[in-house]
$ cat upload28.cif   # mmCIF, C-alpha atoms and all ligand atoms
data_run
#
loop_
_atom_site.label_atom_id
_atom_site.label_comp_id
_atom_site.auth_asym_id
_atom_site.auth_seq_id
_atom_site.Cartn_x
_atom_site.Cartn_y
_atom_site.Cartn_z
CA MET A 264 25.74 0.37 -9.75
CA MET A 265 22.09 1.50 -9.43
CA LYS A 266 20.50 0.26 -6.23
CA PRO A 267 17.40 -1.88 -6.85
CA ILE A 268 13.85 -0.59 -6.61
CA ILE A 269 11.30 -3.25 -5.74
CA ALA A 270 7.64 -2.38 -6.43
CA ILE A 271 4.95 -4.29 -4.57
CA ASP A 272 1.32 -3.59 -5.46
CA GLY A 273 -2.01 -5.19 -4.67
CA PRO A 274 -5.29 -4.78 -2.81
CA ALA A 275 -5.69 -4.24 0.96
CA ALA A 276 -4.82 -7.08 3.35
CA ALA A 277 -3.25 -9.31 0.67
CA GLY A 278 -0.02 -9.55 2.69
CA LYS A 279 1.98 -6.82 0.89
CA GLY A 280 3.21 -5.05 4.01
CA THR A 281 4.58 -8.13 5.77
CA LEU A 282 6.21 -9.30 2.58
CA ALA A 283 7.67 -5.89 1.65
CA ARG A 284 9.12 -5.29 5.12
CA ARG A 285 10.79 -8.69 5.13
CA LEU A 286 12.19 -8.33 1.62
CA ALA A 287 13.58 -4.92 2.57
CA SER A 288 15.35 -6.23 5.65
CA THR A 289 16.69 -9.30 3.84
CA LEU A 290 18.00 -7.22 0.92
CA GLY A 291 19.23 -4.35 3.11
CA LEU A 292 16.99 -1.78 1.40
CA PRO A 293 14.89 1.06 2.89
CA TYR A 294 11.13 0.35 3.06
CA LEU A 295 8.22 2.71 2.41
CA ASP A 296 4.58 1.84 3.01
CA THR A 297 3.07 4.33 0.56
CA GLY A 298 -0.45 3.81 1.93
CA LEU A 299 0.75 5.80 4.95
CA LEU A 300 1.22 8.86 2.73
CA TYR A 301 -2.46 8.84 1.74
CA ARG A 302 -3.50 8.05 5.31
CA ALA A 303 -1.44 10.96 6.67
CA VAL A 304 -2.87 13.36 4.07
CA GLY A 305 -6.41 12.23 4.99
CA ARG A 306 -5.63 12.80 8.68
CA ARG A 307 -4.25 16.28 8.07
CA VAL A 308 -7.50 17.21 6.33
CA LEU A 309 -9.59 15.77 9.18
CA ASP A 310 -7.44 17.73 11.70
CA THR A 311 -8.59 20.99 10.15
CA GLY A 312 -12.23 19.89 10.03
CA GLY A 313 -12.05 19.73 6.21
CA ASP A 314 -13.57 17.27 3.76
CA PRO A 315 -11.06 14.68 2.43
CA ALA A 316 -13.03 14.57 -0.85
CA ASP A 317 -12.44 18.29 -1.52
CA PRO A 318 -9.59 18.50 -4.08
CA ALA A 319 -8.13 21.89 -3.04
CA THR A 320 -8.09 21.07 0.69
CA ALA A 321 -6.58 17.62 0.09
CA GLU A 322 -3.94 18.98 -2.28
CA ASP A 323 -2.87 21.60 0.31
CA ALA A 324 -2.54 18.85 2.90
CA ALA A 325 -0.46 16.72 0.49
CA ARG A 326 1.86 19.63 -0.36
CA SER A 327 2.48 20.38 3.31
CA LEU A 328 3.02 16.74 4.34
CA ARG A 329 6.07 16.29 6.59
CA PRO A 330 7.93 13.01 7.17
CA GLU A 331 6.91 12.98 10.87
CA ASP A 332 3.23 12.85 9.83
CA LEU A 333 3.87 9.22 8.86
CA ASP A 334 4.65 8.40 12.50
CA ARG A 335 1.21 9.41 13.81
CA SER A 336 -0.57 6.75 15.82
CA ASP A 337 -4.01 7.44 14.32
CA LEU A 338 -3.40 6.39 10.72
CA ARG A 339 -5.35 3.10 10.97
CA GLY A 340 -9.02 2.39 11.57
CA PRO A 341 -12.23 2.96 9.60
CA GLN A 342 -12.10 6.79 9.66
CA ALA A 343 -8.50 6.90 8.42
CA ASP A 344 -9.28 4.20 5.81
CA ALA A 345 -12.13 6.25 4.37
CA ALA A 346 -10.22 9.55 4.40
CA ALA A 347 -7.21 7.90 2.71
CA ALA A 348 -9.36 6.35 -0.03
CA SER A 349 -10.95 9.77 -0.70
CA VAL A 350 -7.71 11.75 -0.98
CA ALA A 351 -6.12 8.95 -3.04
CA SER A 352 -8.67 9.47 -5.81
CA ILE A 353 -7.65 13.14 -6.31
CA PRO A 354 -5.09 13.53 -9.16
CA ASN A 355 -3.33 16.57 -7.64
CA VAL A 356 -2.82 14.72 -4.36
CA ARG A 357 -1.19 11.85 -6.25
CA ALA A 358 0.97 14.30 -8.20
CA ALA A 359 2.08 15.99 -4.96
CA LEU A 360 3.13 12.64 -3.47
CA LEU A 361 4.99 11.41 -6.54
CA ALA A 362 8.22 13.32 -5.82
CA PHE A 363 8.20 12.18 -2.17
CA GLN A 364 8.14 8.54 -3.32
CA ARG A 365 10.79 8.99 -6.03
CA ASP A 366 13.08 10.92 -3.66
CA PHE A 367 12.71 8.20 -1.05
CA ALA A 368 14.23 5.61 -3.39
CA ALA A 369 16.83 7.87 -5.01
CA GLY A 370 20.36 6.91 -4.04
CA ASN A 371 19.88 3.84 -1.86
CA GLY A 372 17.10 2.00 -3.72
CA ALA A 373 14.00 0.84 -1.84
CA VAL A 374 11.15 -1.58 -1.43
CA LEU A 375 7.85 0.30 -1.77
CA ASP A 376 4.37 -1.11 -1.40
CA GLY A 377 1.15 0.46 -2.64
CA ARG A 378 -1.28 0.41 -5.54
CA ASP A 379 0.55 2.13 -8.41
CA ILE A 380 4.24 1.67 -7.64
CA GLY A 381 5.00 -0.58 -10.62
CA THR A 382 2.56 1.16 -12.99
CA VAL A 383 3.05 4.90 -12.25
CA ILE A 384 5.70 5.72 -9.66
CA PHE A 385 8.45 3.35 -10.85
CA PRO A 386 7.48 1.87 -14.22
CA ASP A 387 11.16 0.85 -14.61
CA ALA A 388 11.45 -0.83 -11.20
CA SER A 389 14.04 -3.62 -10.99
CA ALA A 390 11.37 -6.12 -9.88
CA LYS A 391 7.57 -5.84 -9.63
CA LEU A 392 5.28 -8.02 -7.59
CA PHE A 393 1.49 -8.04 -7.62
CA VAL A 394 0.36 -9.55 -4.34
CA THR A 395 -3.27 -10.56 -4.11
CA ALA A 396 -5.70 -12.91 -2.33
CA SER A 397 -9.43 -13.60 -2.50
CA LEU A 398 -11.77 -11.04 -0.93
CA THR A 399 -12.98 -13.63 1.58
CA GLU A 400 -9.45 -14.45 2.70
CA ARG A 401 -8.38 -10.80 2.91
CA ALA A 402 -11.48 -9.97 4.97
CA ARG A 403 -10.76 -12.90 7.28
CA ARG A 404 -7.18 -11.70 7.85
CA ARG A 405 -8.26 -8.12 8.50
CA TRP A 406 -10.97 -9.33 10.89
CA LEU A 407 -8.39 -11.39 12.84
CA GLU A 408 -6.15 -8.30 13.11
CA LEU A 409 -9.03 -6.15 14.36
CA ARG A 410 -10.08 -8.82 16.84
CA ALA A 411 -6.52 -9.01 18.19
CA LYS A 412 -6.82 -5.25 18.85
CA ASP A 413 -10.16 -5.78 20.63
CA VAL A 414 -12.10 -3.96 17.92
CA ASP A 415 -15.67 -5.20 18.10
CA THR A 416 -16.77 -6.05 14.54
CA ASP A 417 -18.06 -8.97 12.51
CA ILE A 418 -16.52 -10.57 9.46
CA ALA A 419 -19.43 -9.66 7.14
CA THR A 420 -19.01 -5.94 7.92
CA VAL A 421 -15.25 -6.13 7.37
CA GLU A 422 -15.80 -7.91 4.05
CA GLU A 423 -18.35 -5.32 2.89
CA ASP A 424 -16.04 -2.39 3.84
CA MET A 425 -13.20 -4.07 1.97
CA ARG A 426 -15.35 -4.71 -1.09
CA GLN A 427 -16.23 -1.00 -1.21
CA ARG A 428 -12.64 0.12 -0.76
CA ASP A 429 -11.44 -2.32 -3.46
CA ALA A 430 -14.01 -0.84 -5.84
CA LYS A 431 -12.89 2.69 -4.99
CA ASP A 432 -9.21 1.81 -5.57
CA ALA A 433 -9.90 -0.04 -8.84
CA ASP A 434 -12.53 2.29 -10.34
CA ARG A 435 -10.97 5.69 -9.72
CA SER A 436 -9.70 7.44 -12.82
CA ALA A 437 -6.41 8.58 -11.20
CA ALA A 438 -3.92 5.68 -11.07
CA PRO A 439 -6.42 2.87 -10.42
CA LEU A 440 -5.15 -0.39 -8.96
CA ARG A 441 -3.90 -2.40 -11.95
CA GLU A 442 -1.48 -5.26 -12.31
CA ALA A 443 1.63 -4.18 -14.25
CA HIS A 444 2.10 -6.34 -17.38
CA ASP A 445 5.58 -7.30 -16.19
CA ALA A 446 4.70 -8.01 -12.55
CA TYR A 447 5.12 -11.39 -10.87
CA ARG A 448 1.68 -12.33 -9.54
CA LEU A 449 1.60 -13.86 -6.09
CA ASP A 450 -1.82 -15.09 -4.96
CA THR A 451 -1.47 -15.64 -1.22
CA SER A 452 -5.03 -16.97 -0.63
CA GLU A 453 -3.71 -20.40 0.23
CA MET A 454 -0.14 -19.50 1.23
CA ASP A 455 1.32 -18.73 4.60
CA ALA A 456 3.59 -15.71 5.02
CA GLU A 457 6.76 -17.84 4.89
CA THR A 458 5.84 -19.51 1.58
CA ALA A 459 4.88 -16.15 0.07
CA PHE A 460 8.17 -14.63 1.20
CA GLN A 461 10.32 -17.46 -0.21
CA SER A 462 8.51 -17.33 -3.52
CA ALA A 463 8.88 -13.54 -3.74
CA LEU A 464 12.55 -13.69 -2.80
CA VAL A 465 13.35 -16.22 -5.53
CA PHE A 466 11.66 -13.96 -8.08
CA VAL A 467 13.32 -10.75 -6.86
CA ARG A 468 16.77 -12.37 -6.79
CA SER A 469 16.23 -13.60 -10.35
CA ARG A 470 15.73 -9.95 -11.35
CA ILE A 471 18.37 -8.17 -9.31
CA GLY A 472 21.03 -10.83 -8.92
CA GLY A 473 22.13 -12.37 -5.63
CA VAL A 474 22.42 -9.45 -3.20
O1 LIG B 501 -2.53 0.22 1.62
P1 LIG B 501 -3.40 1.10 2.49
O2 LIG B 501 -4.70 0.43 2.90
O3 LIG B 501 -2.70 1.65 3.66
O4 LIG B 501 -3.81 2.35 1.56
C1 LIG B 501 -4.61 3.40 2.02
C2 LIG B 501 -5.39 4.01 0.86
O5 LIG B 501 -4.51 4.69 -0.04
C3 LIG B 501 -6.17 2.99 0.02
O6 LIG B 501 -7.46 3.52 -0.29
C4 LIG B 501 -5.36 2.85 -1.24
C5 LIG B 501 -4.64 4.15 -1.34
N1 LIG B 501 -3.29 4.01 -1.90
C6 LIG B 501 -3.07 4.43 -3.19
O7 LIG B 501 -4.00 4.90 -3.83
N2 LIG B 501 -1.84 4.34 -3.73
C7 LIG B 501 -0.82 3.81 -3.03
N3 LIG B 501 0.38 3.75 -3.60
C8 LIG B 501 -1.03 3.36 -1.72
C9 LIG B 501 -2.29 3.45 -1.17
#
$ encode --input "upload28.cif" --output "structure tokens" --more "lines below"
Ligand code: DC
Amino acid sequence: MMKPIIAIDGPAAAGKGTLARRLASTLGLPYLDTGLLYRAVGRRVLDTGGDPADPATAEDAARSLRPEDLDRSDLRGPQADAAAASVASIPNVRAALLAFQRDFAAGNGAVLDGRDIGTVIFPDASAKLFVTASLTERARRRWLELRAKDVDTDIATVEEDMRQRDAKDADRSAAPLREAHDAYRLDTSEMDAETAFQSALVFVRSRIGGV
């Protein structure tokens, strides 16, 4: 029997990662945070002193991406965020990363989270979730995370950065963030992680059967 592929899309800080990781461990499936691919490509460009917005440089970096690049410790933070958003808007970068994502799920199935998993990478996924939350709530969560890491910032700045990144993800012509027509929408604005997980699990099980 084909192993299930679970696609989880949505904007930044909506709770996708926590949810996806937990679904993967509960269902015994491999997990891929696809945002890390774009972050690692952005980092590779920065390493060489290049411009993440330059299509040829970014495509080279995407084609030479190695799995160990995803383990780098410098894939988070404002510089990595900006570089990732730039490379993610380049069609040839997205094309170069498509096979990596499909190969990852081939054979054993997978839970993948990102922006275009249910719309572009796996349009025939076994179950699709669109996880979202209000901008204010997502900014508050991100600000709490940054504060826990002793990053000195204020909530208004975090919200403005997030608003700009949302616009970049939704307005780009290459695979913009869109809700798949057959996705289950989970708005976590007023839900804790446990409630979101239980609700997602009920939906996923209804699609893939009781694994
Ligand atoms: O989810 P994240 O914040 O780690 O994503 C980093 C950037 O990559 C963000 O600008 C959205 C983009 N991205 C994408 O375009 N497609 C994906 N499947 C995952 C992330």
$ residues_near_ligand --input "upload28.cif" --ligand "ligand LIG 501 (chain B)" --cutoff "7 Å" --atoms "all atoms listed in the file" --output "NGL selection string"
:A and (275 or 297-299 or 301-302 or 344 or 347-348 or 351-352 or 376-380 or 428 or 432)
$ closest_residue --input "upload28.cif" --among "A:Gly312, A:Asn355, A:Thr320, A:Asp296" --to "A:Leu333" --atoms "all atoms listed in the file"
A:Asp296
$ atom_distance --input "upload28.cif" --atom1 "atom CA of A:Thr399" --atom2 "atom CA of A:Ala277"
10.7 Å
$ closest_residue --input "upload28.cif" --among "A:Ala321, A:Ala359, A:Leu328, A:Ala463" --to "A:Arg285" --atoms "only C-alpha atoms"
A:Ala463
$ residues_near_point --input "upload28.cif" --point "(-13.5, -2.4, 6.4)" --cutoff "12 Å" --atoms "only C-alpha atoms" --output "JSON, numbers by chain"
{"A": [275, 276, 339, 340, 341, 342, 343, 344, 345, 348, 398, 401, 402, 403, 404, 405, 406, 408, 409, 414, 416, 417, 418, 419, 420, 421, 422, 423, 424, 425, 426, 427, 428, 429]}
$ atom_distance --input "upload28.cif" --atom1 "atom CA of A:Val308" --atom2 "atom CA of A:Ala358"
17.1 Å
$ closest_residue --input "upload28.cif" --among "A:Ile269, A:Leu286, A:Ala433, A:Leu338" --to "A:Lys391" --atoms "all atoms listed in the file"
A:Ile269
$ residues_around --input "upload28.cif" --residues "A:Ala325" --least-positions-apart "2" --cutoff "6 Å" --atoms "all atoms listed in the file" --output "list of chain:residue names"
A:Val304, A:Glu322, A:Asp323, A:Ser327, A:Leu328, A:Val356
